[in-house]
file model.pdb (PDB, C-alpha atoms)
ATOM      1  CA  MET A 190      91.562  91.575 117.896
ATOM      2  CA  SER A 191      92.137  94.896 119.621
ATOM      3  CA  ILE A 192      93.413  95.897 123.022
ATOM      4  CA  GLN A 193      92.535  98.896 125.153
ATOM      5  CA  ASP A 194      94.505 100.586 127.889
ATOM      6  CA  SER A 195      93.009 101.256 131.308
ATOM      7  CA  PHE A 196      91.481 104.527 130.058
ATOM      8  CA  GLY A 197      89.582 102.942 127.165
ATOM      9  CA  ARG A 198      91.962 103.976 124.380
ATOM     10  CA  THR A 199      92.413 101.351 121.667
ATOM     11  CA  ILE A 200      96.145 100.825 121.131
ATOM     12  CA  GLN A 201      96.961 100.064 117.502
ATOM     13  CA  TYR A 202     100.296 101.762 116.838
ATOM     14  CA  LEU A 203     103.883 100.734 117.672
ATOM     15  CA  ARG A 204     106.839 103.053 117.214
ATOM     16  CA  LEU A 205     109.931 100.869 117.159
ATOM     17  CA  SER A 206     113.360 102.488 117.414
ATOM     18  CA  VAL A 207     115.883 100.455 115.433
ATOM     19  CA  THR A 208     118.953 102.448 116.555
ATOM     20  CA  ASP A 209     119.905 105.368 118.773
ATOM     21  CA  LEU A 210     122.686 106.395 116.372
ATOM     22  CA  CYS A 211     122.331 109.257 113.914
ATOM     23  CA  ASN A 212     124.386 110.985 111.251
ATOM     24  CA  TYR A 213     123.176 114.366 112.557
ATOM     25  CA  ARG A 214     123.436 116.019 115.974
ATOM     26  CA  CYS A 215     120.302 118.176 115.977
ATOM     27  CA  ILE A 216     120.414 120.805 118.685
ATOM     28  CA  TYR A 217     117.103 119.802 120.309
ATOM     29  CA  CYS A 218     117.698 116.062 120.027
ATOM     30  CA  MET A 219     121.315 115.298 121.005
ATOM     31  CA  PRO A 220     124.010 116.983 123.065
ATOM     32  CA  GLN A 221     126.800 118.489 120.972
ATOM     33  CA  GLU A 222     129.247 115.773 121.959
ATOM     34  CA  GLY A 223     126.818 113.082 120.827
ATOM     35  CA  VAL A 224     125.832 110.105 122.954
ATOM     36  CA  CYS A 225     127.707 107.149 124.366
ATOM     37  CA  LYS A 226     127.556 104.346 121.845
ATOM     38  CA  LYS A 227     126.046 101.216 123.309
ATOM     39  CA  SER A 228     127.570  97.856 122.494
ATOM     40  CA  HIS A 229     125.994  95.767 119.766
ATOM     41  CA  ALA A 230     125.019  93.193 122.398
ATOM     42  CA  ASP A 231     122.923  95.799 124.238
ATOM     43  CA  MET A 232     120.705  96.484 121.234
ATOM     44  CA  LEU A 233     117.805  94.529 119.816
ATOM     45  CA  SER A 234     118.667  92.242 116.941
ATOM     46  CA  ILE A 235     116.605  92.205 113.752
ATOM     47  CA  GLU A 236     115.177  88.859 114.884
ATOM     48  CA  GLU A 237     114.177  90.260 118.291
ATOM     49  CA  MET A 238     112.517  93.280 116.674
ATOM     50  CA  THR A 239     110.593  90.960 114.374
ATOM     51  CA  GLU A 240     109.308  88.948 117.332
ATOM     52  CA  ILE A 241     108.240  92.108 119.178
ATOM     53  CA  VAL A 242     106.238  93.227 116.146
ATOM     54  CA  ARG A 243     104.739  89.733 115.833
ATOM     55  CA  ALA A 244     103.634  89.740 119.482
ATOM     56  CA  ALA A 245     102.295  93.287 119.266
ATOM     57  CA  HIS A 246     100.347  92.413 116.123
ATOM     58  CA  THR A 247      98.778  89.449 117.919
ATOM     59  CA  LEU A 248      97.460  91.974 120.464
ATOM     60  CA  GLY A 249      95.956  94.191 117.749
ATOM     61  CA  ILE A 250      98.795  96.475 116.642
ATOM     62  CA  ASN A 251      98.284  97.145 112.931
ATOM     63  CA  LYS A 252     100.534 100.152 112.380
ATOM     64  CA  VAL A 253     104.317 100.091 112.856
ATOM     65  CA  ARG A 254     106.698 102.992 112.413
ATOM     66  CA  LEU A 255     110.457 102.441 112.452
ATOM     67  CA  THR A 256     112.384 105.300 114.013
ATOM     68  CA  GLY A 257     115.798 106.093 115.461
ATOM     69  CA  GLY A 258     118.149 107.824 115.940
ATOM     70  CA  GLU A 259     118.297 107.650 112.186
ATOM     71  CA  PRO A 260     116.851 104.311 111.062
ATOM     72  CA  LEU A 261     118.627 104.318 107.695
ATOM     73  CA  VAL A 262     121.996 103.848 109.426
ATOM     74  CA  ARG A 263     120.806 100.516 110.866
ATOM     75  CA  LYS A 264     122.215  97.485 109.069
ATOM     76  CA  GLY A 265     119.534  94.991 108.135
ATOM     77  CA  LEU A 266     116.752  97.574 107.984
ATOM     78  CA  THR A 267     115.282  96.283 104.743
ATOM     79  CA  THR A 268     115.361  92.728 106.117
ATOM     80  CA  LEU A 269     113.335  93.934 109.110
ATOM     81  CA  CYS A 270     110.851  95.632 106.783
ATOM     82  CA  ARG A 271     110.372  92.429 104.815
ATOM     83  CA  ASN A 272     110.005  90.435 108.042
ATOM     84  CA  ILE A 273     107.264  92.756 109.276
ATOM     85  CA  LYS A 274     105.345  92.525 106.014
ATOM     86  CA  ALA A 275     105.705  88.724 106.154
ATOM     87  CA  ILE A 276     103.887  88.734 109.514
ATOM     88  CA  ASP A 277     100.903  90.404 107.846
ATOM     89  CA  SER A 278     101.023  92.326 104.597
ATOM     90  CA  ALA A 279      98.164  94.507 105.906
ATOM     91  CA  ILE A 280     100.385  96.043 108.606
ATOM     92  CA  GLU A 281     100.892  99.702 107.744
ATOM     93  CA  LEU A 282     104.659 100.138 107.801
ATOM     94  CA  GLY A 283     106.242 103.564 107.987
ATOM     95  CA  ILE A 284     109.687 105.012 108.583
ATOM     96  CA  THR A 285     110.636 108.365 110.063
ATOM     97  CA  THR A 286     113.981 109.518 108.662
ATOM     98  CA  ASN A 287     116.029 112.687 108.374
ATOM     99  CA  GLY A 288     116.236 111.902 104.658
ATOM    100  CA  ALA A 289     119.968 112.515 104.237
ATOM    101  CA  LEU A 290     120.651 108.882 103.308
ATOM    102  CA  LEU A 291     117.353 108.285 101.547
ATOM    103  CA  ALA A 292     118.188 108.949  97.890
ATOM    104  CA  PRO A 293     120.128 105.712  97.232
ATOM    105  CA  MET A 294     117.784 103.636  99.442
ATOM    106  CA  ALA A 295     114.322 104.843  98.434
ATOM    107  CA  MET A 296     113.580 102.170  95.838
ATOM    108  CA  GLU A 297     114.979  99.415  98.057
ATOM    109  CA  LEU A 298     112.694 100.492 100.913
ATOM    110  CA  LYS A 299     109.697 100.590  98.607
ATOM    111  CA  ASP A 300     110.488  97.088  97.366
ATOM    112  CA  ALA A 301     110.825  95.907 100.985
ATOM    113  CA  GLY A 302     107.231  96.881 101.699
ATOM    114  CA  VAL A 303     107.502 100.303 103.336
ATOM    115  CA  ASP A 304     104.178 102.094 102.876
ATOM    116  CA  ARG A 305     104.865 105.587 104.211
ATOM    117  CA  LEU A 306     107.748 107.965 104.808
ATOM    118  CA  ASN A 307     107.969 110.842 107.268
ATOM    119  CA  ILE A 308     110.983 113.040 106.543
ATOM    120  CA  SER A 309     112.368 115.489 109.097
ATOM    121  CA  LEU A 310     113.324 118.849 107.620
ATOM    122  CA  ASP A 311     113.642 121.820 109.959
ATOM    123  CA  SER A 312     115.113 124.306 107.478
ATOM    124  CA  ILE A 313     115.571 124.763 103.752
ATOM    125  CA  ASP A 314     118.216 127.443 104.236
ATOM    126  CA  PRO A 315     121.707 125.855 104.126
ATOM    127  CA  LYS A 316     123.114 128.034 106.918
ATOM    128  CA  THR A 317     120.195 127.453 109.281
ATOM    129  CA  PHE A 318     120.056 123.751 108.447
ATOM    130  CA  LYS A 319     123.746 123.397 109.239
ATOM    131  CA  GLU A 320     123.205 125.197 112.552
ATOM    132  CA  ILE A 321     120.309 122.951 113.575
ATOM    133  CA  THR A 322     121.868 119.657 112.483
ATOM    134  CA  ARG A 323     125.430 120.661 113.348
ATOM    135  CA  GLY A 324     126.800 120.085 109.890
ATOM    136  CA  GLY A 325     124.132 118.810 107.519
ATOM    137  CA  ASP A 326     123.150 119.976 104.046
ATOM    138  CA  PRO A 327     119.432 120.380 103.188
ATOM    139  CA  GLN A 328     120.095 119.413  99.577
ATOM    140  CA  ASP A 329     120.733 115.837 100.717
ATOM    141  CA  VAL A 330     117.232 115.769 102.199
ATOM    142  CA  LEU A 331     115.619 117.409  99.176
ATOM    143  CA  ASP A 332     117.345 114.829  96.960
ATOM    144  CA  GLY A 333     115.965 112.114  99.240
ATOM    145  CA  ILE A 334     112.434 113.478  98.925
ATOM    146  CA  LYS A 335     112.716 113.531  95.138
ATOM    147  CA  ALA A 336     114.067 109.985  95.063
ATOM    148  CA  ALA A 337     111.217 108.803  97.293
ATOM    149  CA  GLN A 338     108.667 110.376  94.958
ATOM    150  CA  ASN A 339     110.351 108.716  91.977
ATOM    151  CA  ALA A 340     110.271 105.376  93.822
ATOM    152  CA  GLY A 341     106.501 105.607  94.103
ATOM    153  CA  PHE A 342     106.028 106.904  97.642
ATOM    154  CA  ASP A 343     102.993 109.144  97.869
ATOM    155  CA  ASN A 344     101.587 110.989 100.876
ATOM    156  CA  ILE A 345     105.122 111.897 101.976
ATOM    157  CA  LYS A 346     105.076 113.867 105.210
ATOM    158  CA  ILE A 347     107.670 116.495 106.061
ATOM    159  CA  ASN A 348     108.076 117.071 109.803
ATOM    160  CA  THR A 349     109.277 120.520 110.844
ATOM    161  CA  VAL A 350     109.992 121.242 114.511
ATOM    162  CA  LEU A 351     109.270 124.857 115.431
ATOM    163  CA  LEU A 352     112.314 126.624 116.881
ATOM    164  CA  LYS A 353     111.681 130.230 117.823
ATOM    165  CA  GLY A 354     114.361 132.584 116.563
ATOM    166  CA  ILE A 355     115.903 129.886 114.387
ATOM    167  CA  ASN A 356     113.532 128.615 111.698
ATOM    168  CA  ASP A 357     110.375 130.680 112.291
ATOM    169  CA  GLY A 358     111.377 132.981 109.435
ATOM    170  CA  GLU A 359     110.956 130.089 106.986
ATOM    171  CA  LEU A 360     107.363 129.181 107.785
ATOM    172  CA  TYR A 361     105.984 130.626 104.550
ATOM    173  CA  ASP A 362     108.709 128.796 102.611
ATOM    174  CA  PHE A 363     107.481 125.498 104.041
ATOM    175  CA  ILE A 364     103.855 126.363 103.386
ATOM    176  CA  ARG A 365     104.744 127.171  99.765
ATOM    177  CA  LEU A 366     106.139 123.642  99.366
ATOM    178  CA  THR A 367     102.536 122.414  99.400
ATOM    179  CA  LYS A 368     101.518 124.650  96.469
ATOM    180  CA  ASP A 369     102.750 122.490  93.592
ATOM    181  CA  ASN A 370     103.696 119.301  95.434
ATOM    182  CA  ALA A 371     101.339 116.663  96.836
ATOM    183  CA  ILE A 372     103.283 116.520 100.092
ATOM    184  CA  HIS A 373     102.181 117.110 103.644
ATOM    185  CA  VAL A 374     104.139 119.588 105.751
ATOM    186  CA  ARG A 375     103.571 119.122 109.475
ATOM    187  CA  PHE A 376     104.645 121.751 111.992
ATOM    188  CA  ILE A 377     105.453 120.256 115.387
ATOM    189  CA  GLU A 378     105.728 122.084 118.686
ATOM    190  CA  LEU A 379     109.053 121.523 120.415
ATOM    191  CA  MET A 380     108.719 119.566 123.652
ATOM    192  CA  PRO A 381     110.827 120.202 126.787
ATOM    193  CA  LEU A 382     112.414 116.785 126.642
ATOM    194  CA  GLY A 383     116.016 115.606 126.704
ATOM    195  CA  VAL A 384     118.377 118.379 125.574
ATOM    196  CA  ALA A 385     115.484 120.849 125.331
ATOM    197  CA  LYS A 386     114.228 120.126 128.838
ATOM    198  CA  ASP A 387     116.246 122.965 130.338
ATOM    199  CA  TRP A 388     115.855 125.459 127.503
ATOM    200  CA  GLU A 389     114.422 128.887 128.255
ATOM    201  CA  SER A 390     110.736 129.305 127.471
ATOM    202  CA  ASP A 391     111.449 131.863 124.739
ATOM    203  CA  ARG A 392     112.943 129.075 122.594
ATOM    204  CA  PHE A 393     109.543 127.381 122.349
ATOM    205  CA  MET A 394     106.906 128.325 119.816
ATOM    206  CA  THR A 395     103.275 127.256 119.487
ATOM    207  CA  THR A 396     101.406 126.421 116.318
ATOM    208  CA  ALA A 397      99.108 129.427 116.921
ATOM    209  CA  MET A 398     101.475 131.445 114.721
ATOM    210  CA  ILE A 399     100.975 128.961 111.900
ATOM    211  CA  GLU A 400      97.198 129.067 112.325
ATOM    212  CA  SER A 401      97.289 132.829 111.800
ATOM    213  CA  MET A 402      98.858 132.168 108.374
ATOM    214  CA  LEU A 403      96.102 129.743 107.416
ATOM    215  CA  GLN A 404      93.083 132.037 107.527
ATOM    216  CA  ASN A 405      91.937 130.933 104.063
ATOM    217  CA  ALA A 406      92.688 127.285 104.683
ATOM    218  CA  GLU A 407      90.115 124.523 104.974
ATOM    219  CA  LEU A 408      90.318 122.149 107.921
ATOM    220  CA  LEU A 409      90.196 118.788 106.167
ATOM    221  CA  ARG A 410      90.423 116.297 109.002
ATOM    222  CA  ILE A 411      92.040 115.205 112.224
ATOM    223  CA  ASP A 412      94.735 112.725 111.200
ATOM    224  CA  GLY A 413      96.012 110.992 114.320
ATOM    225  CA  VAL A 414      97.718 113.749 116.316
ATOM    226  CA  ALA A 415      97.599 116.343 113.515
ATOM    227  CA  ARG A 416      94.985 118.887 112.477
ATOM    228  CA  VAL A 417      95.236 118.924 108.675
ATOM    229  CA  TYR A 418      94.542 121.998 106.514
ATOM    230  CA  ARG A 419      94.653 122.782 102.802
ATOM    231  CA  LEU A 420      95.051 126.219 101.259
ATOM    232  CA  PRO A 421      93.104 127.051  98.079
ATOM    233  CA  ASP A 422      94.746 125.698  94.900
ATOM    234  CA  HIS A 423      97.438 123.853  96.880
ATOM    235  CA  LYS A 424      98.144 120.224  95.992
ATOM    236  CA  GLY A 425      99.539 119.378  99.415
ATOM    237  CA  THR A 426      98.392 119.928 102.980
ATOM    238  CA  ILE A 427      99.615 121.487 106.223
ATOM    239  CA  GLY A 428      99.399 119.677 109.532
ATOM    240  CA  LEU A 429      99.702 121.098 113.034
ATOM    241  CA  ILE A 430     100.905 118.853 115.853
ATOM    242  CA  CYS A 431     100.468 120.544 119.211
ATOM    243  CA  PRO A 432     101.580 118.372 122.147
ATOM    244  CA  MET A 433     102.089 121.458 124.317
ATOM    245  CA  SER A 434      99.241 123.841 123.515
ATOM    246  CA  HIS A 435      96.618 121.199 122.647
ATOM    247  CA  SER A 436      97.371 117.893 124.360
ATOM    248  CA  PHE A 437      96.430 114.883 122.220
ATOM    249  CA  CYS A 438      96.768 112.421 125.098
ATOM    250  CA  PRO A 439      93.025 111.531 125.135
ATOM    251  CA  SER A 440      93.377 110.060 121.634
ATOM    252  CA  CYS A 441      96.888 108.604 121.968
ATOM    253  CA  ASN A 442      96.912 105.100 120.498
ATOM    254  CA  LYS A 443     100.599 104.232 120.561
ATOM    255  CA  ILE A 444     103.343 102.545 122.513
ATOM    256  CA  ARG A 445     107.093 102.786 121.937
ATOM    257  CA  VAL A 446     109.961 100.334 122.088
ATOM    258  CA  THR A 447     113.515 101.628 122.305
ATOM    259  CA  ALA A 448     116.446 100.201 120.375
ATOM    260  CA  ASP A 449     117.705  98.504 123.549
ATOM    261  CA  GLY A 450     114.387  96.715 124.044
ATOM    262  CA  LYS A 451     112.481  98.822 126.575
ATOM    263  CA  LEU A 452     108.764  99.364 126.105
ATOM    264  CA  LYS A 453     107.753 102.909 127.010
ATOM    265  CA  PRO A 454     104.017 103.309 127.665
ATOM    266  CA  CYS A 455     104.482 107.094 127.322
ATOM    267  CA  LEU A 456     107.084 109.138 125.485
ATOM    268  CA  HIS A 457     107.552 111.501 128.408
ATOM    269  CA  SER A 458     107.749 109.046 131.302
ATOM    270  CA  ASP A 459     110.721 107.182 132.729
ATOM    271  CA  GLN A 460     108.570 104.059 133.087
ATOM    272  CA  GLU A 461     110.036 101.235 131.000
ATOM    273  CA  ILE A 462     109.412  97.503 130.649
ATOM    274  CA  ASP A 463     112.272  95.298 129.475
ATOM    275  CA  LEU A 464     111.254  93.037 126.577
ATOM    276  CA  ARG A 465     114.639  91.512 125.818
ATOM    277  CA  GLY A 466     114.853  87.755 126.223
ATOM    278  CA  LEU A 467     111.073  87.304 126.138
ATOM    279  CA  GLN A 468     109.268  85.199 123.563
ATOM    280  CA  GLY A 469     105.795  83.944 122.732
ATOM    281  CA  LYS A 470     103.095  84.381 125.357
ATOM    282  CA  GLU A 471     105.562  85.855 127.860
ATOM    283  CA  LEU A 472     106.415  88.602 125.372
ATOM    284  CA  GLU A 473     102.737  89.215 124.606
ATOM    285  CA  GLU A 474     101.948  89.514 128.318
ATOM    286  CA  ALA A 475     104.778  92.012 128.859
ATOM    287  CA  ILE A 476     103.502  94.189 125.998
ATOM    288  CA  LYS A 477      99.956  93.909 127.324
ATOM    289  CA  SER A 478     101.201  94.953 130.773
ATOM    290  CA  GLY A 479     102.879  97.998 129.242
ATOM    291  CA  ILE A 480      99.692  98.995 127.470
ATOM    292  CA  LEU A 481      97.715  98.733 130.699
ATOM    293  CA  GLN A 482     100.310 100.908 132.463
ATOM    294  CA  LYS A 483      99.955 103.683 129.904
ATOM    295  CA  PRO A 484      99.266 106.923 131.836
ATOM    296  CA  GLU A 485      96.204 109.048 131.187
ATOM    297  CA  SER A 486      98.313 112.021 130.071
ATOM    298  CA  HIS A 487     101.812 113.443 129.977
ATOM    299  CA  ARG A 488     102.921 115.830 132.726
ATOM    300  CA  PHE A 489     104.103 118.839 130.759
ATOM    301  CA  GLY A 490     102.987 121.990 132.481
ATOM    302  CA  THR A 491     103.164 120.349 135.915
ATOM    303  CA  ALA A 492     106.180 118.266 136.862
ATOM    304  CA  GLY A 493     107.532 118.047 133.326
ATOM    305  CA  ALA A 494     108.908 115.033 131.501
ATOM    306  CA  THR A 495     110.600 112.531 133.781
ATOM    307  CA  THR A 496     112.446 110.441 131.215
ATOM    308  CA  ALA A 497     116.227 110.772 131.325
ATOM    309  CA  ARG A 498     116.619 109.680 127.706
ATOM    310  CA  TYR A 499     117.404 111.989 124.822
ATOM    311  CA  MET A 500     115.017 112.024 121.864
ATOM    312  CA  ASN A 501     117.393 109.949 119.731
ATOM    313  CA  GLU A 502     117.177 107.189 122.366
ATOM    314  CA  ILE A 503     113.377 107.119 122.383
ATOM    315  CA  GLY A 504     112.391 107.430 118.763
ATOM    316  CA  GLY A 505     110.003 110.368 119.083
TER     317      GLY A 505
END
call {"tool": "encode", "arguments": {"input": "model.pdb", "output": "structure tokens"}}
result
Amino acid sequence: MSIQDSFGRTIQYLRLSVTDLCNYRCIYCMPQEGVCKKSHADMLSIEEMTEIVRAAHTLGINKVRLTGGEPLVRKGLTTLCRNIKAIDSAIELGITTNGALLAPMAMELKDAGVDRLNISLDSIDPKTFKEITRGGDPQDVLDGIKAAQNAGFDNIKINTVLLKGINDGELYDFIRLTKDNAIHVRFIELMPLGVAKDWESDRFMTTAMIESMLQNAELLRIDGVARVYRLPDHKGTIGLICPMSHSFCPSCNKIRVTADGKLKPCLHSDQEIDLRGLQGKELEEAIKSGILQKPESHRFGTAGATTARYMNEIGG
């Protein structure tokens, strides 16, 4: 079974935020003072998340990515992973993590059925990394990547948000990571959302600068929202994700559910559908309604994003 939105896009992908909490306070994601912690009762339980995935899968969702906040701080995460795989072992299950807590958990996640890992890493330089994350150490993330490789994860993706004047001097360093490692570095344009919504335009950077560094690269494929390149003699690849300069809305195939149980048809919209307390056919119908309310495109460049949530509350 598959389901299409009102613009003919087949929706197959659910991004499920398991928490809005994080061990970092990245400058483009959270305000410096952090966010107000919601009560445990306000957040989806592991059982509720499982039922949402079950209902979404009934409608044709076959790819689930667990996000945050930082999903590895969520108690019961591996139980949720096992629950999702018990629904259907063919579901492609991924996690997006900042990697700082990954090293001791990598094997456990692999055993729980996680298929793919996306690891956020915006700087390799300790000083810059500390500035971006407000206190983190990149070695924790690098250790997490190594542990994930040792646990048997392949096709690891490293997500790097482009921040003009902050990490743009490290672009070649990230590209060089793909020389001897079969990893996939993906450069992502910063979106004017949440904390970054009111930033000056000179803080934003397009992937055009990266493309100028890839003159000898081969365009391998379009992988979801990313254009994927490989440089000669490099084991890994480089992906460019361009929500600002090259909108991927026409091919968007995803919906999002926040950690407090709100379905968001679009990342950038304030439209939300409450799924908490729903079960069975009622839950399926609510998800179907959300899919049918998915807008044709985001509004960046016109009215801008209308959601009042920070990125850590949405799940990216």
call {"tool": "resolve_selection", "arguments": {"input": "model.pdb", "expression": "the PyMOL selection byres ((chain A and resi 296) around 12)", "output": "list in words"}}
result
Thr267, Leu291, Ala292, Pro293, Met294, Ala295, Glu297, Leu298, Lys299, Asp300, Ala301, Gly302, Val303, Asp304, Gly333, Ile334, Lys335, Ala336, Ala337, Gln338, Asn339, Ala340, Gly341 and Phe342 of chain A
call {"tool": "resolve_selection", "arguments": {"input": "model.pdb", "expression": "the PyMOL selection byres ((chain A and resi 376-389) around 6)", "output": "JSON, numbers by chain"}}
result
{"A": [217, 349, 350, 351, 375, 390, 391, 392, 395, 429, 430, 431, 499]}
call {"tool": "resolve_selection", "arguments": {"input": "model.pdb", "expression": "the PyMOL selection byres ((chain A and resi 232-234) around 9)", "output": "PDB file with C-alpha atoms, in the frame of the given file"}}
result
ATOM      1  CA  VAL A 207     115.883 100.455 115.433  1.00  0.00           C
ATOM      2  CA  THR A 208     118.953 102.448 116.555  1.00  0.00           C
ATOM      3  CA  LYS A 227     126.046 101.216 123.309  1.00  0.00           C
ATOM      4  CA  SER A 228     127.570  97.856 122.494  1.00  0.00           C
ATOM      5  CA  HIS A 229     125.994  95.767 119.766  1.00  0.00           C
ATOM      6  CA  ALA A 230     125.019  93.193 122.398  1.00  0.00           C
ATOM      7  CA  ASP A 231     122.923  95.799 124.238  1.00  0.00           C
ATOM      8  CA  ILE A 235     116.605  92.205 113.752  1.00  0.00           C
ATOM      9  CA  GLU A 236     115.177  88.859 114.884  1.00  0.00           C
ATOM     10  CA  GLU A 237     114.177  90.260 118.291  1.00  0.00           C
ATOM     11  CA  MET A 238     112.517  93.280 116.674  1.00  0.00           C
ATOM     12  CA  THR A 239     110.593  90.960 114.374  1.00  0.00           C
ATOM     13  CA  THR A 447     113.515 101.628 122.305  1.00  0.00           C
ATOM     14  CA  ALA A 448     116.446 100.201 120.375  1.00  0.00           C
ATOM     15  CA  ASP A 449     117.705  98.504 123.549  1.00  0.00           C
ATOM     16  CA  GLY A 450     114.387  96.715 124.044  1.00  0.00           C
ATOM     17  CA  ARG A 465     114.639  91.512 125.818  1.00  0.00           C
TER      18      ARG A 465
END
call {"tool": "closest_residue", "arguments": {"input": "model.pdb", "among": "A:Ser486, A:Arg416, A:Asp357, A:Tyr213", "to": "Pro327 of chain A", "atoms": "only C-alpha atoms"}}
result
A:Tyr213
call {"tool": "atom_distance", "arguments": {"input": "model.pdb", "atom1": "atom CA of Asp422 of chain A", "atom2": "atom CA of Lys368 of chain A"}}
result
7.0 Å
call {"tool": "residues_near_point", "arguments": {"input": "model.pdb", "point": "(115.6, 105.7, 114.4)", "cutoff": "8 Å", "atoms": "all atoms listed in the file", "output": "list in words"}}
result
Leu205, Ser206, Val207, Thr208, Asp209, Leu210, Cys211, Leu255, Thr256, Gly257, Gly258, Glu259, Pro260, Leu261, Thr285, Thr286, Asn501 and Gly504 of chain A
call {"tool": "atom_distance", "arguments": {"input": "model.pdb", "atom1": "atom CA of Pro454 of chain A", "atom2": "atom CA of Ile480 of chain A"}}
result
6.1 Å
call {"tool": "residues_around", "arguments": {"input": "model.pdb", "residues": "segment 313-319 of chain A", "least_positions_apart": "2", "cutoff": "9 Å", "atoms": "all atoms listed in the file", "output": "ChimeraX atom specification"}}
result
/A:310-311,321-328,331,355-356,359,362-363
call {"tool": "atom_distance", "arguments": {"input": "model.pdb", "atom1": "atom CA of Ile284 of chain A", "atom2": "atom CA of Arg410 of chain A"}}
result
22.3 Å
call {"tool": "residues_around", "arguments": {"input": "model.pdb", "residues": "Val374 of chain A", "least_positions_apart": "2", "cutoff": "9 Å", "atoms": "only C-alpha atoms", "output": "list in words"}}
result
Ile345, Lys346, Ile347, Asn348, Thr349, Phe363, Ile364, Leu366, Thr367, Ile372, Phe376, Gly425, Thr426, Ile427, Gly428 and Leu429 of chain A
call {"tool": "closest_residue", "arguments": {"input": "model.pdb", "among": "A:Ile250, A:Val446, A:Leu290, A:Val242", "to": "Arg263 of chain A", "atoms": "all atoms listed in the file"}}
result
A:Leu290
call {"tool": "closest_residue", "arguments": {"input": "model.pdb", "among": "A:Gly288, A:Gly469, A:Gly354, A:Pro432", "to": "Arg243 of chain A", "atoms": "all atoms listed in the file"}}
result
A:Gly469
call {"tool": "closest_residue", "arguments": {"input": "model.pdb", "among": "A:Lys451, A:Arg305, A:Lys443, A:Lys483", "to": "Gly249 of chain A", "atoms": "only C-alpha atoms"}}
result
A:Lys443
call {"tool": "closest_residue", "arguments": {"input": "model.pdb", "among": "A:His246, A:Gln221, A:Gly265, A:Glu240", "to": "Lys477 of chain A", "atoms": "all atoms listed in the file"}}
result
A:His246
call {"tool": "residues_around", "arguments": {"input": "model.pdb", "residues": "Lys453 of chain A", "least_positions_apart": "3", "cutoff": "10 Å", "atoms": "all atoms listed in the file", "output": "ChimeraX atom specification"}}
result
/A:204,443-447,450,456-463,476,479-480,482-483,496,503
